[in-house]
file query-v2.cif (mmCIF, C-alpha atoms and all ligand atoms)
data_entry
loop_
_atom_site.label_atom_id
_atom_site.label_comp_id
_atom_site.auth_asym_id
_atom_site.auth_seq_id
_atom_site.Cartn_x
_atom_site.Cartn_y
_atom_site.Cartn_z
CA MET F 1 0.00 0.00 0.00
CA SER F 2 2.80 2.40 0.85
CA ASP F 3 4.17 2.07 -2.69
CA ALA F 4 1.08 3.86 -4.05
CA PRO F 5 1.95 7.45 -5.02
CA ALA F 6 0.37 9.77 -2.48
CA VAL F 7 -2.40 12.16 -3.51
CA THR F 8 -2.68 15.44 -1.62
CA TYR F 9 -5.01 18.41 -1.45
CA ALA F 10 -2.60 20.29 -3.75
CA ASP F 11 -3.58 17.75 -6.43
CA VAL F 12 -7.27 18.53 -5.81
CA GLU F 13 -6.54 22.24 -6.24
CA ALA F 14 -4.66 21.57 -9.47
CA ALA F 15 -7.55 19.40 -10.69
CA ALA F 16 -10.03 22.18 -9.88
CA ALA F 17 -8.06 24.62 -12.06
CA ARG F 18 -7.80 22.02 -14.86
CA ILE F 19 -11.50 21.14 -15.03
CA GLN F 20 -12.80 24.67 -14.56
CA GLY F 21 -14.79 25.88 -17.54
CA PHE F 22 -15.64 22.36 -18.67
CA VAL F 23 -17.23 20.88 -15.56
CA HIS F 24 -20.15 22.70 -13.89
CA ARG F 25 -19.84 24.23 -10.45
CA THR F 26 -23.09 22.54 -9.43
CA PRO F 27 -25.64 24.32 -7.23
CA ILE F 28 -26.28 23.80 -3.52
CA VAL F 29 -29.95 23.10 -2.86
CA THR F 30 -31.80 23.14 0.47
CA SER F 31 -35.34 22.13 1.45
CA ARG F 32 -37.11 23.30 4.61
CA ARG F 33 -39.32 20.23 4.52
CA ILE F 34 -36.39 17.83 4.29
CA ASP F 35 -34.68 19.75 7.12
CA ALA F 36 -37.83 19.34 9.21
CA ALA F 37 -37.91 15.60 8.44
CA ALA F 38 -34.22 15.26 9.31
CA GLY F 39 -34.12 17.54 12.34
CA ALA F 40 -30.98 19.10 10.88
CA GLN F 41 -29.96 21.56 8.16
CA ILE F 42 -28.98 19.69 5.02
CA PHE F 43 -27.07 21.24 2.12
CA PHE F 44 -27.23 19.18 -1.07
CA LYS F 45 -24.34 19.36 -3.55
CA CYS F 46 -26.20 18.58 -6.78
CA GLU F 47 -23.90 16.44 -8.90
CA ASN F 48 -27.05 14.92 -10.40
CA LEU F 49 -27.11 18.22 -12.33
CA GLN F 50 -23.48 17.79 -13.41
CA ARG F 51 -22.44 17.13 -17.04
CA ILE F 52 -23.23 13.49 -17.95
CA GLY F 53 -25.46 13.54 -14.86
CA ALA F 54 -22.83 12.49 -12.32
CA PHE F 55 -19.65 13.66 -10.55
CA LYS F 56 -17.52 11.13 -12.49
CA ILE F 57 -16.83 13.68 -15.24
CA ARG F 58 -14.55 15.48 -12.74
CA GLY F 59 -12.11 12.59 -12.33
CA ALA F 60 -12.31 11.42 -15.94
CA TYR F 61 -11.57 14.86 -17.37
CA ASN F 62 -8.72 15.45 -14.92
CA ALA F 63 -7.13 12.07 -15.64
CA ILE F 64 -7.31 12.41 -19.44
CA ALA F 65 -6.08 16.03 -19.36
CA ARG F 66 -3.06 14.86 -17.34
CA LEU F 67 -1.91 12.34 -19.96
CA SER F 68 1.13 13.20 -22.08
CA PRO F 69 0.51 14.44 -25.65
CA GLU F 70 1.81 11.06 -26.87
CA GLN F 71 -0.64 9.14 -24.66
CA GLN F 72 -3.48 11.44 -25.71
CA ARG F 73 -2.67 10.82 -29.37
CA LYS F 74 -3.00 7.04 -28.88
CA GLY F 75 -6.31 7.22 -27.00
CA VAL F 76 -7.88 5.91 -23.80
CA VAL F 77 -9.83 2.82 -22.78
CA ALA F 78 -12.24 2.27 -19.88
CA PHE F 79 -14.53 -0.52 -18.74
CA SER F 80 -17.85 0.42 -17.21
CA SER F 81 -21.54 0.00 -17.85
CA GLY F 82 -22.40 3.11 -15.91
CA ASN F 83 -21.55 6.75 -15.32
CA HIS F 84 -17.80 6.28 -15.75
CA ALA F 85 -18.30 5.16 -19.36
CA GLN F 86 -20.14 8.34 -20.26
CA ALA F 87 -17.67 10.46 -18.30
CA VAL F 88 -14.65 9.06 -20.15
CA ALA F 89 -16.44 9.32 -23.50
CA LEU F 90 -17.38 12.98 -23.04
CA ALA F 91 -14.10 14.07 -21.45
CA ALA F 92 -12.09 12.34 -24.18
CA ARG F 93 -14.11 14.00 -26.93
CA ALA F 94 -13.69 17.42 -25.31
CA LEU F 95 -9.92 16.90 -25.17
CA GLY F 96 -9.71 15.56 -28.73
CA VAL F 97 -8.75 12.06 -27.56
CA SER F 98 -10.29 8.87 -28.96
CA ALA F 99 -12.03 6.65 -26.38
CA THR F 100 -12.84 2.93 -26.38
CA ILE F 101 -15.33 1.75 -23.77
CA VAL F 102 -15.67 -1.94 -22.87
CA MET F 103 -19.35 -2.50 -21.92
CA PRO F 104 -21.47 -5.62 -21.40
CA HIS F 105 -23.67 -6.56 -24.41
CA ASP F 106 -26.71 -6.40 -22.12
CA SER F 107 -26.09 -2.84 -20.84
CA PRO F 108 -29.24 -0.68 -20.83
CA ALA F 109 -29.84 0.60 -24.36
CA SER F 110 -29.95 4.20 -23.07
CA LYS F 111 -26.43 3.87 -21.64
CA LEU F 112 -25.00 2.26 -24.79
CA ALA F 113 -26.60 4.99 -26.90
CA ALA F 114 -25.37 7.82 -24.66
CA THR F 115 -21.81 6.47 -24.68
CA LYS F 116 -21.82 6.19 -28.49
CA GLU F 117 -23.39 9.63 -28.81
CA TYR F 118 -20.40 11.10 -27.01
CA GLY F 119 -18.28 9.65 -29.79
CA ALA F 120 -16.74 6.66 -28.04
CA GLN F 121 -16.15 3.31 -29.70
CA VAL F 122 -18.01 0.63 -27.74
CA VAL F 123 -16.57 -2.89 -27.47
CA GLY F 124 -19.15 -5.36 -26.17
CA TYR F 125 -18.48 -8.39 -23.99
CA ASP F 126 -20.43 -11.13 -22.25
CA ARG F 127 -20.47 -10.29 -18.53
CA TYR F 128 -20.97 -13.93 -17.53
CA THR F 129 -18.19 -15.55 -19.58
CA GLU F 130 -15.67 -12.82 -20.37
CA ASP F 131 -13.30 -10.80 -18.21
CA ARG F 132 -13.63 -7.08 -18.96
CA LEU F 133 -10.34 -6.24 -17.32
CA ALA F 134 -8.53 -8.71 -19.58
CA ILE F 135 -10.27 -7.27 -22.67
CA ALA F 136 -9.36 -3.71 -21.69
CA ALA F 137 -5.77 -4.71 -20.85
CA LYS F 138 -5.41 -6.41 -24.25
CA LEU F 139 -6.71 -3.31 -26.04
CA ALA F 140 -4.38 -1.15 -23.99
CA GLU F 141 -1.41 -3.28 -24.94
CA GLU F 142 -2.23 -3.78 -28.63
CA LYS F 143 -3.13 -0.18 -29.39
CA GLY F 144 -1.13 1.63 -26.73
CA LEU F 145 -4.30 2.95 -25.09
CA SER F 146 -4.16 4.42 -21.58
CA LEU F 147 -6.57 2.82 -19.12
CA VAL F 148 -8.72 5.30 -17.16
CA PRO F 149 -9.87 3.46 -14.01
CA PRO F 150 -13.22 4.37 -12.41
CA PHE F 151 -11.84 5.17 -8.94
CA ASP F 152 -8.42 3.78 -8.06
CA HIS F 153 -6.14 6.38 -9.63
CA PRO F 154 -4.54 9.53 -8.13
CA ASP F 155 -5.88 11.82 -10.89
CA VAL F 156 -9.39 10.36 -10.60
CA ILE F 157 -9.33 10.82 -6.81
CA ALA F 158 -8.07 14.41 -7.13
CA GLY F 159 -10.80 15.22 -9.67
CA ALA F 160 -13.50 13.69 -7.49
CA GLY F 161 -12.30 15.76 -4.53
CA THR F 162 -13.22 18.99 -6.31
CA ALA F 163 -16.95 18.49 -5.57
CA ALA F 164 -16.43 18.64 -1.79
CA LYS F 165 -13.99 21.54 -2.24
CA GLU F 166 -16.80 23.53 -3.88
CA LEU F 167 -19.35 22.45 -1.27
CA ILE F 168 -17.15 23.50 1.65
CA GLU F 169 -16.29 26.80 -0.07
CA ASP F 170 -19.97 27.54 -0.75
CA VAL F 171 -21.46 26.55 2.63
CA SER F 172 -19.84 27.90 5.79
CA GLY F 173 -19.74 26.15 9.14
CA LEU F 174 -20.58 22.59 8.10
CA ASP F 175 -20.52 20.12 11.01
CA ALA F 176 -20.65 16.91 8.99
CA LEU F 177 -20.38 15.56 5.47
CA PHE F 178 -22.01 12.38 4.09
CA VAL F 179 -20.97 10.97 0.71
CA PRO F 180 -21.74 7.74 -1.18
CA LEU F 181 -19.05 5.05 -1.21
CA GLY F 182 -18.37 2.55 -3.97
CA GLY F 183 -14.69 2.02 -4.75
CA GLY F 184 -13.86 5.14 -2.78
CA GLY F 185 -12.64 7.63 -5.39
CA LEU F 186 -15.20 10.17 -4.23
CA LEU F 187 -14.75 9.52 -0.50
CA SER F 188 -10.95 9.68 -0.60
CA GLY F 189 -10.97 12.86 -2.71
CA THR F 190 -13.59 14.35 -0.38
CA ALA F 191 -11.39 13.50 2.60
CA LEU F 192 -8.44 15.41 1.11
CA SER F 193 -10.60 18.51 0.62
CA ALA F 194 -12.36 18.22 3.98
CA ARG F 195 -9.18 17.80 6.04
CA ALA F 196 -7.53 20.75 4.26
CA LEU F 197 -10.47 23.17 4.33
CA ALA F 198 -12.52 22.13 7.38
CA PRO F 199 -10.31 19.88 9.53
CA GLY F 200 -12.85 19.41 12.33
CA ILE F 201 -15.74 18.34 10.11
CA GLU F 202 -17.17 14.85 10.69
CA LEU F 203 -16.76 12.88 7.48
CA TYR F 204 -18.74 9.73 6.67
CA GLY F 205 -18.91 7.39 3.70
CA VAL F 206 -22.12 5.48 3.01
CA GLU F 207 -22.33 2.19 1.13
CA PRO F 208 -25.19 -0.18 0.30
CA GLU F 209 -26.11 -2.57 3.12
CA ALA F 210 -25.63 -5.54 0.78
CA GLY F 211 -22.10 -4.41 -0.07
CA ASP F 212 -20.48 -3.39 3.21
CA ASP F 213 -16.90 -4.13 2.20
CA GLY F 214 -15.91 -0.62 3.29
CA VAL F 215 -17.15 -1.19 6.84
CA GLN F 216 -15.43 -4.59 6.88
CA SER F 217 -12.19 -3.14 5.52
CA LEU F 218 -12.01 -0.38 8.13
CA ARG F 219 -12.61 -2.93 10.89
CA ALA F 220 -10.06 -5.39 9.54
CA GLY F 221 -7.48 -2.70 8.80
CA ARG F 222 -6.98 -4.12 5.28
CA ILE F 223 -8.89 -4.24 1.99
CA VAL F 224 -11.69 -6.83 2.23
CA THR F 225 -13.14 -8.14 -1.06
CA ILE F 226 -16.76 -9.32 -1.32
CA PRO F 227 -18.84 -10.87 -4.14
CA THR F 228 -20.73 -8.37 -6.35
CA PRO F 229 -23.51 -7.06 -4.05
CA GLN F 230 -27.17 -7.23 -5.07
CA THR F 231 -28.54 -3.72 -4.56
CA ILE F 232 -30.46 -1.02 -6.43
CA ALA F 233 -27.40 1.22 -5.94
CA ASP F 234 -25.76 0.12 -9.21
CA GLY F 235 -23.04 2.79 -8.99
CA ALA F 236 -21.75 1.23 -5.77
CA GLN F 237 -21.77 -2.45 -6.75
CA THR F 238 -18.03 -2.55 -6.25
CA THR F 239 -16.34 -5.54 -4.66
CA SER F 240 -13.51 -3.74 -2.85
CA LEU F 241 -11.86 -0.43 -2.11
CA GLY F 242 -8.69 0.37 -4.06
CA GLN F 243 -4.97 0.41 -3.29
CA HIS F 244 -5.01 4.20 -3.55
CA THR F 245 -8.39 4.91 -1.97
CA PHE F 246 -8.22 2.60 1.06
CA PRO F 247 -5.27 4.20 2.90
CA ILE F 248 -6.76 7.69 2.52
CA ILE F 249 -10.15 6.52 3.77
CA ARG F 250 -8.58 4.59 6.64
CA ASP F 251 -6.53 7.60 7.76
CA LEU F 252 -8.91 10.54 7.14
CA VAL F 253 -12.55 9.36 7.30
CA ASP F 254 -14.42 9.15 10.61
CA ASP F 255 -16.61 6.16 9.77
CA VAL F 256 -18.51 4.27 7.08
CA PHE F 257 -22.24 3.52 7.37
CA THR F 258 -24.66 1.47 5.28
CA ALA F 259 -28.14 2.13 3.89
CA SER F 260 -30.74 -0.44 2.81
CA ASP F 261 -32.44 -0.42 -0.60
CA ALA F 262 -35.72 0.57 1.10
CA GLU F 263 -34.01 3.57 2.71
CA LEU F 264 -32.59 4.57 -0.68
CA ALA F 265 -36.02 4.45 -2.34
CA SER F 266 -37.50 6.57 0.50
CA ALA F 267 -34.72 9.12 0.18
CA MET F 268 -35.23 9.30 -3.61
CA ARG F 269 -38.90 9.98 -3.02
CA LEU F 270 -38.22 12.62 -0.38
CA LEU F 271 -35.97 14.49 -2.86
CA ALA F 272 -38.45 14.17 -5.72
CA VAL F 273 -41.40 15.44 -3.70
CA ASN F 274 -39.71 18.19 -1.71
CA ALA F 275 -36.74 19.36 -3.75
CA LYS F 276 -37.89 18.35 -7.26
CA LEU F 277 -34.59 16.59 -7.75
CA VAL F 278 -34.22 13.36 -9.74
CA VAL F 279 -31.43 11.36 -8.09
CA GLU F 280 -30.37 7.79 -8.86
CA PRO F 281 -30.33 5.13 -6.09
CA THR F 282 -26.55 5.35 -5.55
CA GLY F 283 -26.81 9.13 -5.42
CA VAL F 284 -28.93 9.19 -2.25
CA LEU F 285 -26.72 6.96 -0.08
CA GLY F 286 -25.47 10.02 1.84
CA LEU F 287 -28.94 11.37 2.48
CA ALA F 288 -30.26 7.98 3.62
CA ALA F 289 -27.55 7.74 6.29
CA ALA F 290 -27.89 11.40 7.29
CA LEU F 291 -31.63 10.87 7.88
CA ARG F 292 -30.89 7.94 10.13
CA ARG F 293 -28.11 9.70 12.05
CA ALA F 294 -29.43 13.24 12.35
CA PRO F 295 -31.93 12.58 15.15
CA GLY F 296 -29.06 11.57 17.44
CA ASP F 297 -25.88 13.54 18.00
CA LEU F 298 -26.28 15.50 14.77
CA ALA F 299 -29.63 17.07 15.74
CA GLY F 300 -29.70 20.67 14.52
CA ALA F 301 -26.32 20.28 12.78
CA ARG F 302 -25.32 21.72 9.43
CA ILE F 303 -24.82 18.68 7.20
CA GLY F 304 -23.38 18.56 3.68
CA VAL F 305 -24.64 15.74 1.46
CA VAL F 306 -23.28 15.01 -2.02
CA LEU F 307 -26.03 13.83 -4.40
CA THR F 308 -23.67 12.04 -6.77
CA GLY F 309 -25.78 11.31 -9.83
CA GLY F 310 -29.17 11.40 -11.52
CA ASN F 311 -28.92 8.72 -14.19
CA VAL F 312 -31.82 6.38 -13.70
CA ASP F 313 -34.08 4.85 -16.29
CA LEU F 314 -37.48 6.61 -16.00
CA ASP F 315 -39.57 3.44 -15.77
CA ARG F 316 -37.28 2.13 -13.06
CA TYR F 317 -37.45 5.49 -11.27
CA ALA F 318 -41.24 5.48 -11.23
CA GLN F 319 -41.24 1.91 -9.96
CA LEU F 320 -38.84 2.72 -7.12
CA LEU F 321 -40.74 5.86 -6.04
CA THR F 322 -44.00 3.96 -5.80
CA SER F 323 -42.39 1.04 -3.95
CA VAL F 324 -42.26 3.04 -0.70
C1 LIG Q 401 -19.37 5.88 -9.17
C2 LIG Q 401 -20.47 6.44 -8.38
C3 LIG Q 401 -20.45 6.45 -6.97
C4 LIG Q 401 -19.33 5.83 -6.17
O1 LIG Q 401 -18.10 6.48 -6.36
P1 LIG Q 401 -16.73 5.80 -5.94
O2 LIG Q 401 -15.68 6.77 -6.27
O3 LIG Q 401 -16.61 4.51 -6.72
O4 LIG Q 401 -16.80 5.50 -4.48
C5 LIG Q 401 -21.49 7.06 -6.30
N1 LIG Q 401 -22.54 7.60 -6.96
C6 LIG Q 401 -22.61 7.60 -8.30
C7 LIG Q 401 -23.80 8.20 -8.95
C8 LIG Q 401 -21.58 7.02 -9.07
O5 LIG Q 401 -21.67 7.01 -10.41
#

call {"tool": "encode", "arguments": {"input": "query-v2.cif", "output": "structure tokens"}}
result
Amino acid sequence: MSDAPAVTYADVEAAAARIQGFVHRTPIVTSRRIDAAAGAQIFFKCENLQRIGAFKIRGAYNAIARLSPEQQRKGVVAFSSGNHAQAVALAARALGVSATIVMPHDSPASKLAATKEYGAQVVGYDRYTEDRLAIAAKLAEEKGLSLVPPFDHPDVIAGAGTAAKELIEDVSGLDALFVPLGGGGLLSGTALSARALAPGIELYGVEPEAGDDGVQSLRAGRIVTIPTPQTIADGAQTTSLGQHTFPIIRDLVDDVFTASDAELASAMRLLAVNAKLVVEPTGVLGLAAALRRAPGDLAGARIGVVLTGGNVDLDRYAQLLTSV
């Protein structure tokens, strides 16, 4: 772990300068009715309103912009069926770099279409019989493509940290911060910003109940790997934290909580009804945990919550909102 190059808040600042003008400084939204329900003041950082509909554009753009001209000329490759695919496709196009995305054949048609629309070349694979990492690695080797990982990379972490930097700059006196946790790119980047700008703030990561590898890893003091969790939070169906993200989370984050699928659906509904915000299941992990925790020692506190994305199929969205 110690051989991983360290990422620092200076890298987050550099990333912020690099992505400025391309990535939105997303708004902070509040709702009196949600505050009343929570018994605390909640400030939502709306990355569901970000370009490509999720914060992942921050890390993808930063990582591709940081490549050498030679690497940029050869192109990039990523494997993802979700927000990272669209982030790499759009960031690459904006930087004049060709992108190849390795996606399962059975990805939602809307996601395949969006990725192609951004100009990426899509390479399909069978998620049950083929290894996407091997396919991407082969493409990288044969064509000299640079792999852009979804979370476990210093430039991706630094880019992700810019969302919390903006939130802390825009909202004074925050007591606590809750952010979703998958592979930990967002949480580790958030930790760098939080410890530099608001050292005393309580910082929590929130993962799906079915995939509590983060909780297990913090307890064990090492990276614990689990089978792919079954949860509606498809952006956090990761099986482990990363070599780069784990040490930062271990050292700088106060704790990791979980939220059940039912809590996620309720939180999505609360945001739709009261704040008119469409947020995907993974995007409300922070709110779900804040709602559970606020009545206790965080009563009346000023709480920052990152709503990480809004990409959810409309039929699925309707179904989830009416399930609670
Ligand atoms: C990827 C993603 C996450 C998790 O981010 P990590 O950096 O993997 O922890 C959370 N929410 C959304 C919407 C995502 O796309």

call {"tool": "closest_atom_pairs", "arguments": {"input": "query-v2.cif", "of": "chain F", "to": "ligand LIG 401 (chain Q)", "cutoff": "8 Å", "atoms": "all atoms listed in the file", "output": "JSON lines"}}
result
{"residue": "F:Asn48", "atom": "CA", "partner": "Q:LIG401", "partner_atom": "C7", "distance": 7.6}
{"residue": "F:Ala54", "atom": "CA", "partner": "Q:LIG401", "partner_atom": "C7", "distance": 5.5}
{"residue": "F:Phe55", "atom": "CA", "partner": "Q:LIG401", "partner_atom": "O5", "distance": 7.0}
{"residue": "F:Lys56", "atom": "CA", "partner": "Q:LIG401", "partner_atom": "O5", "distance": 6.2}
{"residue": "F:Gly82", "atom": "CA", "partner": "Q:LIG401", "partner_atom": "O5", "distance": 6.8}
{"residue": "F:Asn83", "atom": "CA", "partner": "Q:LIG401", "partner_atom": "O5", "distance": 4.9}
{"residue": "F:His84", "atom": "CA", "partner": "Q:LIG401", "partner_atom": "O5", "distance": 6.6}
{"residue": "F:Pro150", "atom": "CA", "partner": "Q:LIG401", "partner_atom": "O3", "distance": 6.6}
{"residue": "F:Phe151", "atom": "CA", "partner": "Q:LIG401", "partner_atom": "O2", "distance": 4.9}
{"residue": "F:Ile157", "atom": "CA", "partner": "Q:LIG401", "partner_atom": "O2", "distance": 7.6}
{"residue": "F:Ala160", "atom": "CA", "partner": "Q:LIG401", "partner_atom": "O2", "distance": 7.4}
{"residue": "F:Pro180", "atom": "CA", "partner": "Q:LIG401", "partner_atom": "C5", "distance": 5.2}
{"residue": "F:Leu181", "atom": "CA", "partner": "Q:LIG401", "partner_atom": "O4", "distance": 4.0}
{"residue": "F:Gly182", "atom": "CA", "partner": "Q:LIG401", "partner_atom": "O4", "distance": 3.4}
{"residue": "F:Gly183", "atom": "CA", "partner": "Q:LIG401", "partner_atom": "O3", "distance": 3.7}
{"residue": "F:Gly184", "atom": "CA", "partner": "Q:LIG401", "partner_atom": "O4", "distance": 3.4}
{"residue": "F:Gly185", "atom": "CA", "partner": "Q:LIG401", "partner_atom": "O2", "distance": 3.3}
{"residue": "F:Leu186", "atom": "CA", "partner": "Q:LIG401", "partner_atom": "O2", "distance": 4.0}
{"residue": "F:Leu187", "atom": "CA", "partner": "Q:LIG401", "partner_atom": "O4", "distance": 6.0}
{"residue": "F:Ser188", "atom": "CA", "partner": "Q:LIG401", "partner_atom": "O2", "distance": 7.9}
{"residue": "F:Gly235", "atom": "CA", "partner": "Q:LIG401", "partner_atom": "C8", "distance": 4.5}
{"residue": "F:Ala236", "atom": "CA", "partner": "Q:LIG401", "partner_atom": "C4", "distance": 5.2}
{"residue": "F:Thr238", "atom": "CA", "partner": "Q:LIG401", "partner_atom": "O3", "distance": 7.2}
{"residue": "F:Glu280", "atom": "CA", "partner": "Q:LIG401", "partner_atom": "C7", "distance": 6.6}
{"residue": "F:Pro281", "atom": "CA", "partner": "Q:LIG401", "partner_atom": "C7", "distance": 7.8}
{"residue": "F:Thr282", "atom": "CA", "partner": "Q:LIG401", "partner_atom": "N1", "distance": 4.8}
{"residue": "F:Gly283", "atom": "CA", "partner": "Q:LIG401", "partner_atom": "C7", "distance": 4.7}
{"residue": "F:Leu307", "atom": "CA", "partner": "Q:LIG401", "partner_atom": "C7", "distance": 7.6}
{"residue": "F:Thr308", "atom": "CA", "partner": "Q:LIG401", "partner_atom": "C7", "distance": 4.4}
{"residue": "F:Gly309", "atom": "CA", "partner": "Q:LIG401", "partner_atom": "C7", "distance": 3.8}
{"residue": "F:Gly310", "atom": "CA", "partner": "Q:LIG401", "partner_atom": "C7", "distance": 6.8}
{"residue": "F:Asn311", "atom": "CA", "partner": "Q:LIG401", "partner_atom": "C7", "distance": 7.3}

call {"tool": "closest_residue", "arguments": {"input": "query-v2.cif", "among": "F:Arg302, F:His24, F:Arg269, F:Arg250", "to": "Ile42 of chain F", "atoms": "all atoms listed in the file"}}
result
F:Arg302

call {"tool": "atom_distance", "arguments": {"input": "query-v2.cif", "atom1": "atom CA of Phe43 of chain F", "atom2": "atom CA of Val171 of chain F"}}
result
7.7 Å

call {"tool": "closest_residue", "arguments": {"input": "query-v2.cif", "among": "F:Glu13, F:Glu207, F:Glu142, F:Asp106", "to": "Tyr125 of chain F", "atoms": "all atoms listed in the file"}}
result
F:Asp106

call {"tool": "closest_residue", "arguments": {"input": "query-v2.cif", "among": "F:Val273, F:Leu298, F:Leu167, F:Ala318", "to": "Ile34 of chain F", "atoms": "all atoms listed in the file"}}
result
F:Val273

call {"tool": "atom_distance", "arguments": {"input": "query-v2.cif", "atom1": "atom CA of Arg219 of chain F", "atom2": "atom CA of Gly242 of chain F"}}
result
15.8 Å

call {"tool": "atom_distance", "arguments": {"input": "query-v2.cif", "atom1": "atom CA of Thr239 of chain F", "atom2": "atom CA of Gly214 of chain F"}}
result
9.4 Å

call {"tool": "closest_residue", "arguments": {"input": "query-v2.cif", "among": "F:Asp131, F:Asp315, F:Asp213, F:Asp35", "to": "Ala290 of chain F", "atoms": "all atoms listed in the file"}}
result
F:Asp35

call {"tool": "residues_near_point", "arguments": {"input": "query-v2.cif", "point": "(-12.6, 17.6, 14.9)", "cutoff": "12 Å", "atoms": "all atoms listed in the file", "output": "PyMOL selection string"}}
result
chain F and resi 174-176+194-195+198-203+252-254
